[in-house]
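So this block is structure-v2.txt, compact mmCIF, C-alpha atoms:
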```txt
# COMPACT_ATOMS: atom_id res chain seq x y z
CA MET Q 1 10.77 -12.34 -28.76
CA GLU Q 2 13.47 -11.27 -26.35
CA THR Q 3 14.16 -12.57 -22.86
CA LYS Q 4 13.49 -10.10 -20.05
CA HIS Q 5 16.17 -9.29 -17.51
CA CYS Q 6 15.66 -6.65 -14.82
CA TYR Q 7 12.84 -4.18 -14.92
CA TYR Q 8 10.73 -1.34 -13.63
CA LEU Q 9 7.30 -2.76 -13.03
CA GLY Q 10 4.32 -1.08 -14.65
CA GLY Q 11 1.77 -3.80 -14.01
CA GLU Q 12 1.59 -7.59 -13.88
CA PHE Q 13 -1.69 -9.22 -14.83
CA LEU Q 14 -3.26 -12.65 -15.09
CA LEU Q 15 -6.27 -12.71 -17.42
CA GLU Q 16 -8.35 -15.87 -17.54
CA ALA Q 17 -11.79 -16.84 -18.82
CA THR Q 18 -13.60 -20.13 -18.24
CA GLN Q 19 -16.96 -21.66 -19.03
CA ASN Q 20 -18.18 -24.50 -16.83
CA GLY Q 21 -14.66 -24.77 -15.44
CA ILE Q 22 -13.04 -25.11 -18.86
CA ALA Q 23 -10.57 -22.51 -20.11
CA ILE Q 24 -11.76 -20.48 -23.11
CA GLU Q 25 -9.43 -19.66 -25.99
CA THR Q 26 -9.69 -16.32 -27.78
CA ASN Q 27 -9.49 -15.75 -31.54
CA CYS Q 28 -9.15 -11.98 -31.29
CA ASP Q 29 -6.96 -9.47 -29.47
CA ILE Q 30 -7.73 -8.38 -25.91
CA GLN Q 31 -7.29 -4.70 -25.09
CA LEU Q 32 -5.66 -3.93 -21.74
CA VAL Q 33 -5.84 -0.37 -20.38
CA VAL Q 34 -3.50 0.41 -17.45
CA PRO Q 35 -3.28 3.79 -15.64
CA HIS Q 36 0.24 5.18 -16.07
CA SER Q 37 0.07 6.49 -12.49
CA LEU Q 38 1.32 2.98 -11.59
CA THR Q 39 4.72 3.98 -13.00
CA GLY Q 40 4.77 7.54 -11.67
CA GLY Q 41 3.62 8.96 -15.02
CA ALA Q 42 3.80 8.13 -18.71
CA ASP Q 43 6.98 6.33 -19.78
CA ALA Q 44 7.41 5.78 -23.51
CA ALA Q 45 10.04 3.09 -22.86
CA MET Q 46 7.46 0.70 -21.43
CA THR Q 47 6.93 -2.49 -23.43
CA LEU Q 48 4.67 -5.53 -23.28
CA TRP Q 49 5.75 -8.94 -21.96
CA GLU Q 50 4.02 -12.33 -22.03
CA GLY Q 51 4.52 -14.83 -19.22
CA THR Q 52 4.64 -18.61 -19.25
CA ILE Q 53 4.89 -21.08 -16.37
CA ASP Q 54 7.88 -23.41 -16.77
CA ALA Q 55 8.26 -27.04 -15.63
CA GLU Q 56 9.43 -25.90 -12.16
CA ASP Q 57 6.37 -23.64 -11.73
CA ASN Q 58 8.42 -20.44 -12.23
CA LEU Q 59 6.98 -17.56 -14.23
CA ASP Q 60 9.22 -16.63 -17.19
CA TRP Q 61 8.76 -13.44 -19.24
CA ASP Q 62 9.29 -12.84 -22.95
CA ARG Q 63 9.28 -9.39 -24.49
CA VAL Q 64 6.71 -8.50 -27.16
CA GLY Q 65 7.33 -5.55 -29.50
CA ASP Q 66 9.74 -2.72 -28.81
CA ALA Q 67 9.90 0.64 -27.03
CA THR Q 68 7.98 2.34 -29.88
CA GLY Q 69 4.92 0.24 -29.04
CA GLN Q 70 5.02 -1.85 -32.22
CA GLY Q 71 3.13 -5.00 -31.32
CA GLY Q 72 3.14 -4.02 -27.66
CA VAL Q 73 2.23 -0.88 -25.73
CA PHE Q 74 1.44 2.76 -26.48
CA VAL Q 75 0.60 5.72 -24.23
CA GLU Q 76 -2.50 7.83 -24.70
CA GLY Q 77 -4.13 10.19 -22.25
CA GLY Q 78 -3.66 8.86 -18.73
CA ALA Q 79 -3.04 5.23 -19.60
CA TYR Q 80 -0.96 2.57 -21.32
CA TYR Q 81 -2.80 0.55 -23.98
CA ALA Q 82 -1.74 -2.99 -24.80
CA PHE Q 83 -3.23 -5.56 -27.17
CA LEU Q 84 -2.88 -9.16 -26.04
CA GLY Q 85 -3.18 -12.11 -28.40
CA GLN Q 86 -4.18 -14.58 -25.68
CA PHE Q 87 -5.27 -15.03 -22.09
CA GLY Q 88 -2.66 -15.71 -19.41
CA TRP Q 89 0.08 -13.67 -17.78
CA SER Q 90 1.08 -10.28 -19.17
CA ASN Q 91 3.22 -7.44 -17.90
CA ILE Q 92 3.95 -3.81 -18.78
CA ASP Q 93 7.46 -2.69 -17.84
CA ARG Q 94 10.84 -1.56 -19.11
CA PHE Q 95 14.49 -2.50 -18.71
CA TYR Q 96 16.28 -1.28 -15.61
CA ASN Q 97 19.39 0.25 -17.20
CA ASP Q 98 22.48 0.46 -15.01
CA PRO Q 99 26.12 0.39 -16.20
CA ARG Q 100 27.52 -1.26 -13.07
CA PRO Q 101 28.59 -4.94 -12.97
CA LYS Q 102 25.70 -7.30 -12.24
CA THR Q 103 25.17 -10.21 -9.87
CA LEU Q 104 22.53 -12.82 -9.09
CA ILE Q 105 20.60 -11.84 -5.98
CA LYS Q 106 19.63 -14.59 -3.52
CA ALA Q 107 17.48 -14.40 -0.40
CA GLN Q 108 16.48 -16.92 2.24
CA ALA Q 109 13.13 -16.89 4.03
CA PRO Q 110 12.78 -17.75 7.74
CA VAL Q 111 12.65 -21.42 8.70
CA GLY Q 112 9.23 -22.84 7.84
CA TYR Q 113 8.62 -20.50 4.90
CA ASN Q 114 9.23 -21.27 1.24
CA PHE Q 115 8.01 -20.56 -2.31
CA THR Q 116 4.56 -22.05 -1.58
CA ASN Q 117 3.67 -19.93 1.47
CA SER Q 118 5.67 -16.71 1.18
CA ALA Q 119 7.32 -14.30 -1.24
CA ILE Q 120 10.39 -12.06 -1.33
CA TYR Q 121 10.51 -8.76 -3.22
CA LEU Q 122 13.15 -6.21 -4.17
CA SER Q 123 12.41 -2.47 -3.95
CA TYR Q 124 14.84 -0.13 -5.72
CA ASP Q 125 15.57 2.94 -3.59
CA GLY Q 126 14.51 6.16 -5.29
CA GLU Q 127 12.30 4.40 -7.85
CA ASP Q 128 8.57 4.50 -7.06
CA SER Q 129 7.77 1.76 -9.58
CA GLY Q 130 10.84 -0.40 -8.98
CA LEU Q 131 9.31 -3.37 -7.16
CA ALA Q 132 10.29 -6.84 -8.40
CA SER Q 133 9.51 -10.36 -7.26
CA LEU Q 134 12.26 -12.92 -6.68
CA ASP Q 135 10.35 -15.51 -8.67
CA THR Q 136 12.69 -18.50 -8.87
CA TYR Q 137 13.30 -20.89 -6.00
CA ASP Q 138 15.85 -23.52 -4.98
CA GLY Q 139 13.98 -25.92 -2.70
CA THR Q 140 17.13 -27.68 -1.51
CA LEU Q 141 18.75 -24.50 -0.17
CA ASN Q 142 15.49 -22.59 0.45
CA LEU Q 143 16.77 -19.71 -1.69
CA PHE Q 144 14.64 -17.22 -3.61
CA SER Q 145 16.31 -15.66 -6.63
CA GLU Q 146 15.78 -14.21 -10.13
CA HIS Q 147 16.58 -15.68 -13.50
CA TYR Q 148 19.37 -13.69 -15.03
CA GLY Q 149 21.87 -12.26 -12.56
CA GLN Q 150 21.20 -8.69 -13.65
CA ILE Q 151 21.08 -6.85 -10.29
CA PRO Q 152 23.66 -4.03 -10.26
CA ILE Q 153 26.41 -4.41 -7.65
CA GLY Q 154 26.29 -1.40 -5.34
CA LEU Q 155 22.54 -0.90 -5.84
CA GLU Q 156 20.84 0.47 -2.73
CA CYS Q 157 17.53 -1.27 -2.18
CA HIS Q 158 15.18 -2.86 0.31
CA VAL Q 159 14.44 -6.58 0.35
CA ILE Q 160 10.98 -7.54 1.59
CA PHE Q 161 9.80 -10.87 3.02
CA ALA Q 162 6.02 -11.35 3.10
CA THR Q 163 3.48 -14.02 3.94
CA GLU Q 164 -0.27 -13.77 4.54
CA ASP Q 165 -2.76 -15.73 6.64
CA ASN Q 166 -6.45 -14.75 6.78
CA GLY Q 167 -5.76 -11.12 5.97
CA ILE Q 168 -2.87 -10.71 8.43
CA TRP Q 169 0.60 -10.19 6.97
CA ARG Q 170 3.88 -11.28 8.52
CA TYR Q 171 6.73 -9.30 7.02
CA ALA Q 172 10.30 -8.08 7.34
CA VAL Q 173 12.13 -5.36 5.43
CA LYS Q 174 15.91 -5.07 5.13
CA ALA Q 175 17.91 -2.16 3.73
CA VAL Q 176 20.60 -3.69 1.53
CA THR Q 177 23.48 -2.58 -0.68
CA ILE Q 178 23.96 -5.30 -3.28
CA VAL Q 179 27.33 -7.08 -3.25
CA ALA Q 180 28.50 -9.90 -5.52
CA ASP Q 181 27.23 -13.40 -4.67
CA ASP Q 182 25.61 -12.28 -1.42
CA ILE Q 183 22.77 -14.19 0.28
CA ILE Q 184 20.26 -12.03 2.15
CA THR Q 185 18.73 -13.97 5.05
CA PHE Q 186 15.58 -13.36 7.08
CA ASP Q 187 15.12 -14.74 10.58
CA PHE Q 188 11.68 -15.26 12.12
CA SER Q 189 12.63 -12.97 15.01
CA GLU Q 190 12.97 -10.10 12.51
CA THR Q 191 9.36 -10.39 11.33
CA ALA Q 192 6.27 -8.55 12.55
CA LEU Q 193 2.50 -8.82 12.05
CA VAL Q 194 0.43 -6.09 10.37
CA THR Q 195 -2.87 -5.67 8.56
CA GLU Q 196 -2.95 -5.41 4.78
CA SER Q 197 -3.47 -1.64 4.85
CA GLU Q 198 -0.59 -1.20 7.31
CA PHE Q 199 1.65 -3.33 5.09
CA ILE Q 200 0.76 -1.28 2.01
CA ASN Q 201 1.65 1.92 3.90
CA ILE Q 202 4.99 0.41 4.95
CA ILE Q 203 5.84 -0.49 1.34
CA ASN Q 204 4.73 2.93 0.07
CA ALA Q 205 6.93 4.64 2.66
CA LEU Q 206 10.13 2.96 1.44
CA PRO Q 207 12.66 5.38 -0.06
```

Please go through the file and, once you have read it, give me the structure as structure tokens.
Amino acid sequence: METKHCYYLGGEFLLEATQNGIAIETNCDIQLVVPHSLTGGADAAMTLWEGTIDAEDNLDWDRVGDATGQGGVFVEGGAYYAFLGQFGWSNIDRFYNDPRPKTLIKAQAPVGYNFTNSAIYLSYDGEDSGLASLDTYDGTLNLFSEHYGQIPIGLECHVIFATEDNGIWRYAVKAVTIVADDIITFDFSETALVTESEFINIINALP
């Protein structure tokens, strides 16, 4: 397996099965069918990833197979087909290739918000399927980040803070050009309240 760096997201899934509250293990492959409209159309470079939760409760991804679909994903008709060997987290995506120097992106939520009650996402400008979660967290500094430091310097993007309470979303969106070792901060005064459908429309309207 190969460690995942930065990606275009095709779909992130958690598949679980229980009986009487006890997790069930499978002894056969599970077929996953994902519409390729999620990635703006068929992309033969998509591959399959398996996720595991580490000791700090972060979700780490390992690549399965290669871009030809061997052991991973293939495209047929209007969908991607993947065969999973186990329940748990899985993901269909591909590397985000960019020749520019890379940096580790960091973002800070408003006071009172952290990894347990909010999330921060990165949306790549000009890429419909380029939405990524900052899925590591430094509790001492209240900093969201990603694992590998593979965000291209000079990348134009939008950084999104989001938290939900009883169907109402508090959010903020910032247009950002990535610079080396920068920390993107959100203040509570920059946030606003919207419904889920309004929030989805806001995200879909990003460049």

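The spacing separating atom CA of Trp169 of chain Q from atom CA of Ser123 of chain Q amounts to 17.8 Å.
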
Who sits within 9 Å of Asp98 of chain Q, all atoms listed in the file, same chain under 2 positions skipped, as number ranges by chain: Q: 96, 100-102, 151-152

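Among the candidates Q:Val111, Q:Ile168, Q:Leu206, Q:Ala132, the one nearest to Glu190 of chain Q when counting only C-alpha atoms is Q:Val111.
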
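Straight-line separation from atom CA of Ile203 of chain Q to atom CA of Asp43 of chain Q: 22.2 Å.
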
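Minimum distance to Val33 of chain Q across Q:Tyr80, Q:Tyr171, Q:Phe161, Q:Phe188 (counting only C-alpha atoms) occurs at Q:Tyr80.
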
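Going from atom CA of Ile105 of chain Q to atom CA of Val73 of chain Q covers 29.1 Å.
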
Answer as a PyMOL selection string, residues within 10 Å of (15.4, -5.6, 7.1) using all atoms listed in the file: chain Q and resi 158-161+171-176+184-187+190-191

Would you pick out the contacts of Ala82 of chain Q at 6 Å or less, using all atoms listed in the file, so that residues sharing its chain but fewer than 2 positions from it are not included, and give the list as a ChimeraX atom specification? /Q:31-32,72-73

Counting only C-alpha atoms, the option among Q:Thr177, Q:Thr195, Q:Asn20, Q:Ser189 closest to Asp125 of chain Q: Q:Thr177

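Between Ile120 of chain Q and the candidates Q:Leu143, Q:Gly149, Q:Gly21, Q:Val179, the tightest atom-to-atom separation, counting only C-alpha atoms, involves Q:Leu143.
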
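Considering the residues Q:Glu196, Q:Thr103, Q:Leu122, Q:Gly112 and counting all atoms listed in the file, Gly154 of chain Q has its shortest atom-to-atom contact with Q:Thr103.
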
Return the padded bounding box of segment 184-194 of chain Q as lines of an AutoDock Vina configuration file: axis-aligned, built from all atoms listed in the file, 4 Å added on each side, with centre and edge lengths in Å to one decimal.
```
center_x = 10.3
center_y = -10.7
center_z = 8.6
size_x = 27.8
size_y = 17.2
size_z = 20.9
```
